[in-house]
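Enquirer: Below you'll find query07.csv; it's CSV, C-alpha atoms.
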```csv
chain,number,residue,atom,x,y,z
U,1278,MET,CA,0.0,0.0,0.0
U,1279,LYS,CA,1.3,3.4,-0.9
U,1280,VAL,CA,0.9,6.3,1.4
U,1281,ARG,CA,1.8,10.0,0.9
U,1282,VAL,CA,2.5,12.1,4.0
U,1283,HIS,CA,2.3,15.9,3.6
U,1284,VAL,CA,4.1,17.9,6.3
U,1285,THR,CA,3.5,21.6,6.4
U,1286,LEU,CA,4.4,24.4,8.8
U,1287,LYS,CA,1.6,25.5,11.1
U,1288,ASP,CA,0.0,28.8,10.5
U,1289,GLY,CA,1.9,31.5,12.4
U,1290,VAL,CA,5.2,29.7,12.2
U,1291,LEU,CA,7.7,31.8,10.2
U,1292,ASP,CA,8.7,30.2,7.0
U,1293,PRO,CA,11.7,32.0,5.6
U,1294,GLN,CA,12.1,29.5,2.8
U,1295,GLY,CA,8.6,30.1,1.7
U,1296,LYS,CA,9.3,33.9,1.8
U,1297,ALA,CA,12.4,33.4,-0.4
U,1298,ILE,CA,10.4,31.4,-2.9
U,1299,HIS,CA,7.7,34.1,-2.9
U,1300,ARG,CA,10.3,36.8,-3.6
U,1301,ALA,CA,11.9,34.7,-6.4
U,1302,LEU,CA,8.5,34.2,-8.0
U,1303,GLU,CA,7.9,37.9,-7.9
U,1304,THR,CA,11.3,38.5,-9.5
U,1305,LEU,CA,10.2,36.2,-12.3
U,1306,GLY,CA,7.2,38.4,-12.9
U,1307,PHE,CA,4.5,36.3,-11.1
U,1308,ALA,CA,2.8,39.2,-9.5
U,1309,GLY,CA,-0.3,37.5,-8.2
U,1310,VAL,CA,1.2,35.4,-5.5
U,1311,ARG,CA,-0.1,36.3,-2.1
U,1312,ASP,CA,1.9,33.9,-0.1
U,1313,ALA,CA,4.2,30.8,-0.4
U,1314,ARG,CA,4.8,28.2,2.2
U,1315,GLN,CA,7.2,25.3,1.8
U,1316,GLY,CA,6.4,21.8,3.1
U,1317,LYS,CA,7.6,18.2,2.6
U,1318,VAL,CA,6.2,15.1,1.0
U,1319,ILE,CA,7.2,11.7,2.3
U,1320,ASP,CA,6.1,8.6,0.3
U,1321,LEU,CA,5.9,5.4,2.1
U,1322,GLU,CA,5.3,1.9,0.8
U,1323,LEU,CA,3.7,-0.3,3.5
U,1324,ALA,CA,3.4,-4.0,3.8
U,1325,CYS,CA,0.1,-3.6,5.5
U,1326,ALA,CA,-3.0,-4.2,3.3
U,1327,ASP,CA,-5.6,-2.9,5.6
U,1328,GLU,CA,-6.3,0.9,5.3
U,1329,ALA,CA,-7.5,1.5,8.8
U,1330,GLY,CA,-4.4,-0.3,10.2
U,1331,ALA,CA,-2.1,1.6,7.8
U,1332,ARG,CA,-3.7,4.9,8.8
U,1333,GLU,CA,-3.2,4.2,12.5
U,1334,GLN,CA,0.4,3.1,11.9
U,1335,VAL,CA,1.3,6.2,9.7
U,1336,ASP,CA,-0.3,8.5,12.3
U,1337,ARG,CA,2.0,7.1,14.9
U,1338,MET,CA,5.0,7.5,12.5
U,1339,CYS,CA,4.0,11.2,12.0
U,1340,ARG,CA,3.7,11.9,15.7
U,1341,GLN,CA,6.9,10.1,16.6
U,1342,LEU,CA,9.2,11.2,13.7
U,1343,LEU,CA,7.9,12.5,10.4
U,1344,ALA,CA,6.4,15.7,11.8
U,1345,ASN,CA,7.3,17.9,14.7
U,1346,THR,CA,3.9,18.7,15.9
U,1347,VAL,CA,5.1,21.8,17.8
U,1348,ILE,CA,5.6,23.5,14.5
U,1349,GLU,CA,4.2,21.3,11.8
U,1350,ASP,CA,0.8,19.8,10.7
U,1351,TYR,CA,0.6,16.6,8.7
U,1352,THR,CA,-2.0,14.9,6.4
U,1353,VAL,CA,-2.0,11.3,5.2
U,1354,GLU,CA,-3.1,10.4,1.7
U,1355,PHE,CA,-3.6,7.0,0.3
U,1356,VAL,CA,-2.3,6.9,-3.3
T,510,MET,CA,34.7,14.5,37.4
T,511,LYS,CA,33.8,12.6,34.3
T,512,ALA,CA,31.9,13.9,31.3
T,513,ALA,CA,30.3,11.6,28.7
T,514,LEU,CA,30.4,13.1,25.1
T,515,VAL,CA,27.7,11.6,23.0
T,516,LEU,CA,28.6,11.1,19.3
T,517,PHE,CA,26.2,10.7,16.4
T,518,PRO,CA,27.1,10.2,12.7
T,519,GLY,CA,27.8,13.8,11.6
T,520,THR,CA,28.7,15.2,15.0
T,521,ASN,CA,31.8,17.4,14.4
T,522,ARG,CA,32.3,19.6,17.5
T,523,GLU,CA,33.4,16.9,19.8
T,524,THR,CA,37.1,17.7,19.7
T,525,ASP,CA,36.6,21.3,20.8
T,526,MET,CA,34.1,20.3,23.4
T,527,SER,CA,36.4,17.6,24.7
T,528,ASP,CA,39.3,20.2,24.8
T,529,ALA,CA,37.2,22.7,26.7
T,530,LEU,CA,36.0,20.1,29.3
T,531,ARG,CA,39.6,18.9,29.8
T,532,ARG,CA,40.8,22.4,30.1
T,533,ALA,CA,38.3,22.9,32.9
T,534,GLY,CA,39.6,19.7,34.6
T,535,ALA,CA,37.2,17.1,33.5
T,536,GLU,CA,37.9,13.6,32.3
T,537,VAL,CA,36.1,12.9,29.0
T,538,VAL,CA,34.6,9.6,27.9
T,539,THR,CA,32.5,9.0,24.8
T,540,ALA,CA,29.3,7.2,23.9
T,541,TRP,CA,28.2,6.3,20.4
T,542,HIS,CA,24.7,6.8,19.1
T,543,ARG,CA,24.0,3.0,18.9
T,544,ASP,CA,25.0,2.4,22.5
T,545,ARG,CA,22.1,1.3,24.8
T,546,GLU,CA,24.0,2.3,27.9
T,547,LEU,CA,25.9,5.4,28.9
T,548,PRO,CA,29.3,5.2,30.5
T,549,ALA,CA,29.2,6.2,34.2
T,550,ALA,CA,29.5,10.0,34.1
T,551,ASP,CA,28.7,13.1,36.1
T,552,LEU,CA,27.7,15.1,33.1
T,553,VAL,CA,26.3,14.2,29.7
T,554,VAL,CA,27.2,16.4,26.8
T,555,LEU,CA,25.7,16.5,23.3
T,556,PRO,CA,28.1,18.5,21.1
T,557,GLY,CA,27.3,20.2,17.8
T,558,GLY,CA,27.5,19.2,14.2
T,559,PHE,CA,25.1,18.0,11.6
T,560,SER,CA,23.9,14.6,12.9
T,561,HIS,CA,22.5,12.4,10.1
T,562,GLY,CA,23.1,15.3,7.7
T,563,ASP,CA,20.2,17.3,9.3
T,564,TYR,CA,17.9,15.1,7.3
T,565,LEU,CA,14.1,15.6,7.9
T,566,ARG,CA,14.7,18.2,10.6
T,567,CYS,CA,17.9,19.1,12.5
T,568,GLY,CA,18.3,16.5,15.3
T,569,ALA,CA,15.3,14.5,14.3
T,570,MET,CA,17.1,11.2,13.6
T,571,ALA,CA,19.6,11.6,16.4
T,572,ALA,CA,16.8,12.1,18.9
T,573,ARG,CA,15.4,8.6,18.1
T,574,ALA,CA,18.8,6.9,18.3
T,575,PRO,CA,19.2,4.0,20.9
T,576,VAL,CA,21.6,6.1,23.1
T,577,MET,CA,18.8,8.6,23.7
T,578,ALA,CA,16.9,6.1,26.0
T,579,PRO,CA,19.6,6.1,28.7
T,580,ILE,CA,20.1,9.9,28.2
T,581,VAL,CA,16.4,10.5,28.9
T,582,GLU,CA,16.5,8.1,31.8
T,583,SER,CA,19.6,9.8,33.2
T,584,ALA,CA,18.1,13.2,32.8
T,585,GLY,CA,15.0,12.0,34.7
T,586,ARG,CA,17.3,11.0,37.5
T,587,GLY,CA,18.7,14.5,37.7
T,588,VAL,CA,22.0,13.8,35.9
T,589,PRO,CA,23.1,17.2,34.3
T,590,VAL,CA,22.9,17.2,30.5
T,591,LEU,CA,24.3,19.9,28.2
T,592,GLY,CA,23.4,20.2,24.6
T,593,VAL,CA,25.2,22.7,22.3
T,594,CYS,CA,24.0,23.7,18.8
T,595,ASN,CA,23.0,20.4,17.2
T,596,GLY,CA,23.0,19.0,20.7
T,597,PHE,CA,20.4,21.6,21.6
T,598,GLN,CA,18.4,20.6,18.5
T,599,ILE,CA,18.6,17.0,19.5
T,600,LEU,CA,17.4,17.7,23.1
T,601,ILE,CA,14.4,19.6,21.7
T,602,GLU,CA,13.6,16.8,19.2
T,603,ALA,CA,13.8,14.3,22.0
T,604,GLY,CA,11.3,16.3,24.1
T,605,LEU,CA,13.8,17.0,26.9
T,606,LEU,CA,13.4,20.8,26.2
T,607,PRO,CA,10.4,22.6,24.8
T,608,GLY,CA,9.9,24.6,21.6
T,609,ALA,CA,11.5,24.2,18.2
T,610,LEU,CA,14.6,25.4,16.3
T,611,LEU,CA,13.7,26.8,12.9
T,612,ARG,CA,15.7,28.0,9.9
T,613,ASN,CA,17.4,31.3,10.7
T,614,ALA,CA,15.1,34.2,10.1
T,615,GLY,CA,17.6,35.7,7.6
T,616,LEU,CA,18.0,32.3,5.9
T,617,ARG,CA,21.7,32.6,6.1
T,618,PHE,CA,24.1,30.3,7.9
T,619,VAL,CA,25.4,32.6,10.7
T,620,CYS,CA,29.0,32.2,11.8
T,621,ARG,CA,30.2,35.0,14.1
T,622,THR,CA,30.8,36.0,17.7
T,623,VAL,CA,27.7,37.0,19.6
T,624,HIS,CA,27.3,38.5,23.1
T,625,LEU,CA,25.4,36.4,25.5
T,626,ARG,CA,24.1,37.5,28.9
T,627,LEU,CA,23.5,35.1,31.7
T,628,GLU,CA,19.9,35.5,32.8
T,629,ARG,CA,19.9,33.2,35.8
T,630,ARG,CA,22.2,31.0,37.7
T,631,CYS,CA,21.6,27.3,37.6
T,632,ARG,CA,23.4,24.0,38.0
T,633,LEU,CA,24.9,24.5,34.5
T,634,SER,CA,25.9,28.1,34.6
T,635,GLY,CA,29.3,27.5,36.1
T,636,HIS,CA,31.1,30.5,37.6
T,637,LEU,CA,29.1,33.0,35.6
T,638,ASP,CA,27.0,35.5,37.4
T,639,VAL,CA,23.6,37.0,36.4
T,640,GLY,CA,24.2,39.9,34.1
T,641,ASP,CA,27.7,38.6,32.9
T,642,VAL,CA,28.1,39.1,29.2
T,643,ILE,CA,30.4,36.6,27.4
T,644,ARG,CA,31.6,36.6,23.8
T,645,VAL,CA,31.0,33.2,22.2
T,646,PRO,CA,30.7,32.1,18.6
T,647,VAL,CA,27.6,30.9,16.9
T,648,ALA,CA,27.7,28.7,13.8
T,649,HIS,CA,24.3,27.5,12.6
T,650,GLY,CA,21.7,27.6,9.9
T,651,ASP,CA,18.8,26.5,12.1
T,652,GLY,CA,19.0,28.3,15.4
T,653,ASN,CA,15.9,30.4,15.4
T,654,TYR,CA,14.3,29.4,18.7
T,655,PHE,CA,10.6,29.2,18.3
T,656,ALA,CA,8.2,29.4,21.2
T,657,ASP,CA,4.5,30.2,20.7
T,658,SER,CA,3.2,33.0,23.0
T,659,ASP,CA,2.1,30.5,25.7
T,660,LEU,CA,5.4,28.8,25.9
T,661,ALA,CA,7.4,32.0,25.7
T,662,ALA,CA,5.4,33.4,28.7
T,663,ARG,CA,5.8,30.2,30.6
T,664,LEU,CA,9.6,30.2,30.0
T,665,GLU,CA,9.8,33.7,31.4
T,666,ASP,CA,7.5,33.0,34.3
T,667,GLU,CA,9.4,29.9,35.3
T,668,ASP,CA,12.7,31.7,34.8
T,669,ARG,CA,14.0,29.1,32.4
T,670,VAL,CA,15.9,31.4,29.9
T,671,VAL,CA,19.5,30.9,30.9
T,672,PHE,CA,21.3,32.8,28.0
T,673,ARG,CA,20.0,35.6,25.9
T,674,TYR,CA,21.6,37.4,22.9
T,675,VAL,CA,22.4,41.0,23.7
T,676,PRO,CA,23.6,43.8,21.4
T,677,ASP,CA,27.3,43.7,20.7
T,678,GLY,CA,27.7,47.4,20.1
T,679,ARG,CA,27.6,46.9,16.3
T,680,GLY,CA,23.8,46.4,16.0
T,681,ALA,CA,21.2,43.9,17.0
T,682,GLY,CA,22.4,41.0,19.1
T,683,ASN,CA,20.0,38.3,18.0
T,684,PRO,CA,21.6,36.5,15.0
T,685,ASN,CA,18.7,34.3,14.0
T,686,GLY,CA,15.3,35.7,14.9
T,687,SER,CA,14.9,33.7,18.1
T,688,THR,CA,11.8,34.4,20.2
T,689,GLY,CA,12.7,36.7,23.0
T,690,ASP,CA,16.4,36.7,22.0
T,691,ILE,CA,16.6,33.3,23.6
T,692,ALA,CA,20.0,31.6,23.2
T,693,GLY,CA,19.7,28.9,25.8
T,694,ILE,CA,17.1,27.4,28.1
T,695,ILE,CA,16.9,24.9,30.9
T,696,ASN,CA,14.3,22.2,31.7
T,697,ARG,CA,11.9,22.7,34.7
T,698,ALA,CA,14.0,20.4,36.9
T,699,GLY,CA,17.0,22.5,36.2
T,700,ASN,CA,19.4,19.8,35.0
T,701,VAL,CA,19.1,19.9,31.2
T,702,LEU,CA,20.6,23.0,29.4
T,703,GLY,CA,20.4,23.5,25.7
T,704,MET,CA,22.0,26.4,23.9
T,705,MET,CA,22.8,27.4,20.3
T,706,PRO,CA,26.1,29.3,20.7
T,707,HIS,CA,29.4,27.3,21.2
T,708,PRO,CA,30.9,28.1,24.6
T,709,GLU,CA,33.5,25.4,24.0
T,710,ASP,CA,35.0,27.6,21.3
T,711,ALA,CA,35.6,30.4,23.8
T,712,THR,CA,37.9,28.7,26.2
T,713,GLY,CA,41.4,28.6,24.9
T,714,PRO,CA,44.3,29.9,22.9
T,715,ARG,CA,43.7,30.7,19.2
T,716,GLN,CA,40.0,31.3,20.0
T,717,GLN,CA,38.5,34.8,19.9
T,718,SER,CA,37.7,34.8,23.6
T,719,ARG,CA,38.2,32.8,26.7
T,720,ASP,CA,35.0,34.1,28.2
T,721,ALA,CA,33.4,30.7,28.6
T,722,LEU,CA,36.2,29.1,30.5
T,723,PRO,CA,34.6,30.0,33.9
T,724,PHE,CA,31.4,28.4,32.6
T,725,PHE,CA,33.1,25.0,32.1
T,726,GLN,CA,35.3,25.4,35.2
T,727,GLY,CA,32.4,26.1,37.4
T,728,ILE,CA,30.4,23.2,36.0
T,729,VAL,CA,33.3,20.8,36.4
T,730,GLU,CA,34.1,22.0,40.0
T,731,SER,CA,30.4,21.7,41.1
T,732,LEU,CA,30.3,18.1,39.9
T,733,SER,CA,33.7,17.0,41.2
```
Go ahead and render the structure in this file as structure tokens.
Expert:
Amino acid sequence: MKVRVHVTLKDGVLDPQGKAIHRALETLGFAGVRDARQGKVIDLELACADEAGAREQVDRMCRQLLANTVIEDYTVEFV
Amino acid sequence: MKAALVLFPGTNRETDMSDALRRAGAEVVTAWHRDRELPAADLVVLPGGFSHGDYLRCGAMAARAPVMAPIVESAGRGVPVLGVCNGFQILIEAGLLPGALLRNAGLRFVCRTVHLRLERRCRLSGHLDVGDVIRVPVAHGDGNYFADSDLAARLEDEDRVVFRYVPDGRGAGNPNGSTGDIAGIINRAGNVLGMMPHPEDATGPRQQSRDALPFFQGIVESLS
């Protein structure tokens, strides 16, 4: 089973990389960008076949390692 | 007095840290990240570097290494633990200290001398006194200490900010955007100190200052 984890900075946490990307887009002439935030995508391939079990397992992975829940949110997507 | 230096793949400040501890009179032993036990020691030190290449988040992999179990257990028993730079990042990722360390607000890797003021005395402040300002280098890309408003208020109420960046006479003192100019904090029990600047690099000849030698000497004396 393939699972995609998205890790993003929580609202209110400064994202200097997102700001730099935003400025670079403006430099390229993309004037309509209001904000840019950078996150991470982690693709996992699990041996587990049952979706509920996988969700529970990935949730624990996120809380224990993949995301720092002090500053980051995560979402889990089955692909 | 014996200090245990904990090494992870990518740790690179261990030699300076070991020199500083020895200069202050400590005997130094080392532990490796895969160890499941720590050597008997009066102080545990996590030096700086780029453990596991800073993959995922700085300190994230190291904080889940086998050696962290005995470190967390020792810290719980009151053994003093010092984490510097990447060591501070690891202590935060391991949950021994609160908050987070983000990319520097200016995005640049900052490598220069900063002025640090001791805000409170504690078991790990050595011979420094409250208000003392020491010149110590920083060298990090992810040292922007983040605390939300609740945590920031709690740290101040509980008097847990040990070191703060202060202006050095050439402009702002805060090199990385840290909340409240925080450079180092201690846990509630008062035995785990984490700080971004490198006191070990301000203790000897051919370094820009020796201001941090009394810091190490005091720690070593108090544990001898």
Enquirer: So which residues touch Leu702 of chain T within 7 Å, counting all atoms listed in the file, skipping near sequence neighbours fewer than 4 positions away, as a short mmCIF file (atom, residue, chain, number, x, y, z; two decimals) with C-alpha atoms, in the coordinates of the input?
Expert:
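Output saved as around-v4.cif:
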```cif
data_model
loop_
_atom_site.label_atom_id
_atom_site.label_comp_id
_atom_site.auth_asym_id
_atom_site.auth_seq_id
_atom_site.Cartn_x
_atom_site.Cartn_y
_atom_site.Cartn_z
CA VAL T 590 22.90 17.20 30.50
CA LEU T 591 24.30 19.90 28.20
CA GLY T 592 23.40 20.20 24.60
CA LEU T 633 24.90 24.50 34.50
CA GLY T 693 19.70 28.90 25.80
CA ILE T 694 17.10 27.40 28.10
CA ILE T 695 16.90 24.90 30.90
CA ASN T 696 14.30 22.20 31.70
#
```
Enquirer: What are the residues of chain U that have an atom within 12 Å of an atom of chain T, counting only C-alpha atoms, as number ranges by chain?
Expert: U: 1284, 1286-1298, 1316-1319, 1338-1349
Enquirer: May I have the residues at most 10 Å from (24.0, 28.1, 36.6) in the file's coordinates, counting all atoms listed in the file, as a list in words?
Expert: Leu627, Glu628, Arg629, Arg630, Cys631, Arg632, Leu633, Ser634, Gly635, His636, Leu637, Asp638, Val639, Val671, Ile695, Gly699, Asn700, Leu702, Phe724, Gly727 and Ile728 of chain T
Enquirer: Can you write just those residues out, C-alpha atoms, as a short mmCIF file (atom, residue, chain, number, x, y, z; two decimals), in the frame of the given file?
Expert:
```cif
data_model
loop_
_atom_site.label_atom_id
_atom_site.label_comp_id
_atom_site.auth_asym_id
_atom_site.auth_seq_id
_atom_site.Cartn_x
_atom_site.Cartn_y
_atom_site.Cartn_z
CA LEU T 627 23.50 35.10 31.70
CA GLU T 628 19.90 35.50 32.80
CA ARG T 629 19.90 33.20 35.80
CA ARG T 630 22.20 31.00 37.70
CA CYS T 631 21.60 27.30 37.60
CA ARG T 632 23.40 24.00 38.00
CA LEU T 633 24.90 24.50 34.50
CA SER T 634 25.90 28.10 34.60
CA GLY T 635 29.30 27.50 36.10
CA HIS T 636 31.10 30.50 37.60
CA LEU T 637 29.10 33.00 35.60
CA ASP T 638 27.00 35.50 37.40
CA VAL T 639 23.60 37.00 36.40
CA VAL T 671 19.50 30.90 30.90
CA ILE T 695 16.90 24.90 30.90
CA GLY T 699 17.00 22.50 36.20
CA ASN T 700 19.40 19.80 35.00
CA LEU T 702 20.60 23.00 29.40
CA PHE T 724 31.40 28.40 32.60
CA GLY T 727 32.40 26.10 37.40
CA ILE T 728 30.40 23.20 36.00
#
```
Enquirer: T:Val538, T:Leu547, T:Leu555, T:Ala574: which is nearest Val515 of chain T, counting all atoms listed in the file?
Expert: T:Leu555
Enquirer: Name the closest residue to Leu605 of chain T among the candidates T:Ser583, T:Ser687, T:Thr622, T:Gln717; distances are taken between atoms, counting all atoms listed in the file.
Expert: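 Distance minimum relative to Leu605 of chain T lands on T:Ser583.
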